[in-house]
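Encoded as structure tokens, the structure appears first; notes follow it.
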Amino acid sequence: QVQLVESGGGSVQAGGSLRLSCAASGYTYSRACMGWFRQAPGKEREPIAAFYTGGGSTYYADSVKGRFFISQDMVKSTLYLEMNSLKSDDTAMYYCAAALQSCHWIGTPRNNFFTYWGQGTQVTVSS
């Protein structure tokens, strides 16, 4: 049974940093496309960052390039999202997602490419 459990969200002032974690279980962690998405109130869920856990290129949304960084701990089967220089526009529910295949899409990652989702963790940035 695949499970993704996010943690690390919270409230922070603009300019601050947070690190989100996504603990994965129930599948071969090293052979999955994994990503972070976020959804702000009244807006569609959007991709933030994604990569194949077995190696390869990394996708970042233009809005977070140079501020957010996706990484992983293969031993712990855990995905991370390091978020720096946070802005009020970064306020959203953040979700971890997994697809048990290599990453492949045209343009930006689509929500429906990912089969498994975590419950989300809230990030609130105050100005």
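Ordering of the structure tokens sets the chain letters (A, B, ...); residue numbers start at 1 within each chain; ligands are numbered from 1 in the order shown.
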| task | For Gln101 in chain A, list every protein, DNA or RNA residue within 12 Å, evaluated using only C-alpha atoms, and leave out those in the same chain fewer than 4 positions away; present the list as a list of chain:residue names. | result |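 Close residues of Gln101 in chain A: A:Tyr27, A:Thr28, A:Tyr29, A:Ser30, A:Arg31, A:Ala32, A:Cys33, A:Met34, A:Phe51, A:Tyr52, A:Thr53, A:Gly54, A:Trp105, A:Phe113, A:Phe114, A:Thr115, A:Tyr116.
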| message | Could you go through chain A and tell me which residues DSSP, when run on the backbone, assigns to strand (DSSP E), listing them as a PyMOL selection string? | response | chain A and resi 3-7+10-13+18-25+33-39+46-52+58-60+68-73+78-83+92-99+116-117+121-126
| message | Using only C-alpha atoms, can you tell me which of A:Asn84, A:Ser127, A:Gln122, A:Asn111 comes closest to Gly35 in chain A? | response |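 Of all the options, A:Asn111 lies closest to Gly35 in chain A.
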| Polymer residues at most 7 Å from Phe68 in chain A, only C-alpha atoms, same-chain spacing of 4 or more positions, as a PyMOL selection string | chain A and resi 64+81-84
| said: Measuring between only C-alpha atoms, which one of A:Val75, A:Ala97, A:Ile70, A:Val12 shows the shortest distance to Val125 in chain A? | reply: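 Once distances to Val125 in chain A are computed over only C-alpha atoms, the minimum belongs to A:Val12.
Every residue of chain A with a DSSP assignment of helix (DSSP H, G or I), taken from the backbone, is listed as Tyr29, Ser30, Arg31, Ser88, Asp89, Asp90, Asn111, Asn112 and Phe113 of chain A.
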Can you pull out every residue within 7 Å of Ala23 in chain A, counting only C-alpha atoms, but drop anything in the same chain fewer than 6 positions away, and send it as an mmCIF file with C-alpha atoms, in the first residue's frame?
data_model
loop_
_atom_site.group_PDB
_atom_site.id
_atom_site.type_symbol
_atom_site.label_atom_id
_atom_site.label_comp_id
_atom_site.auth_asym_id
_atom_site.auth_seq_id
_atom_site.Cartn_x
_atom_site.Cartn_y
_atom_site.Cartn_z
ATOM 1 C CA LEU A 4 2.978 9.516 1.269
ATOM 2 C CA VAL A 5 3.030 11.519 4.476
ATOM 3 C CA GLU A 6 4.012 15.177 4.393
ATOM 4 C CA SER A 77 12.730 6.980 1.361
ATOM 5 C CA THR A 78 11.988 10.612 2.044
ATOM 6 C CA LEU A 79 11.498 13.512 -0.325
#
| task | Find the residues near Pro41 in chain A: any atom within 10 Å, counting only C-alpha atoms, skip ones fewer than 3 places away on the same chain, and give them as a VMD selection string. | result | chain A and resid 44 to 45 91 to 93
Filtering to C-alpha atoms, could you give me those residues as a PDB file, in the first residue's frame?
ATOM      1  CA  GLU A  44      -5.794  25.206  -9.223  1.00  0.00           C
ATOM      2  CA  ARG A  45      -3.187  22.810  -7.924  1.00  0.00           C
ATOM      3  CA  THR A  91       0.989  30.501   0.966  1.00  0.00           C
ATOM      4  CA  ALA A  92      -0.769  27.272   0.016  1.00  0.00           C
ATOM      5  CA  MET A  93      -1.372  23.651   0.872  1.00  0.00           C
TER       6      MET A  93
END
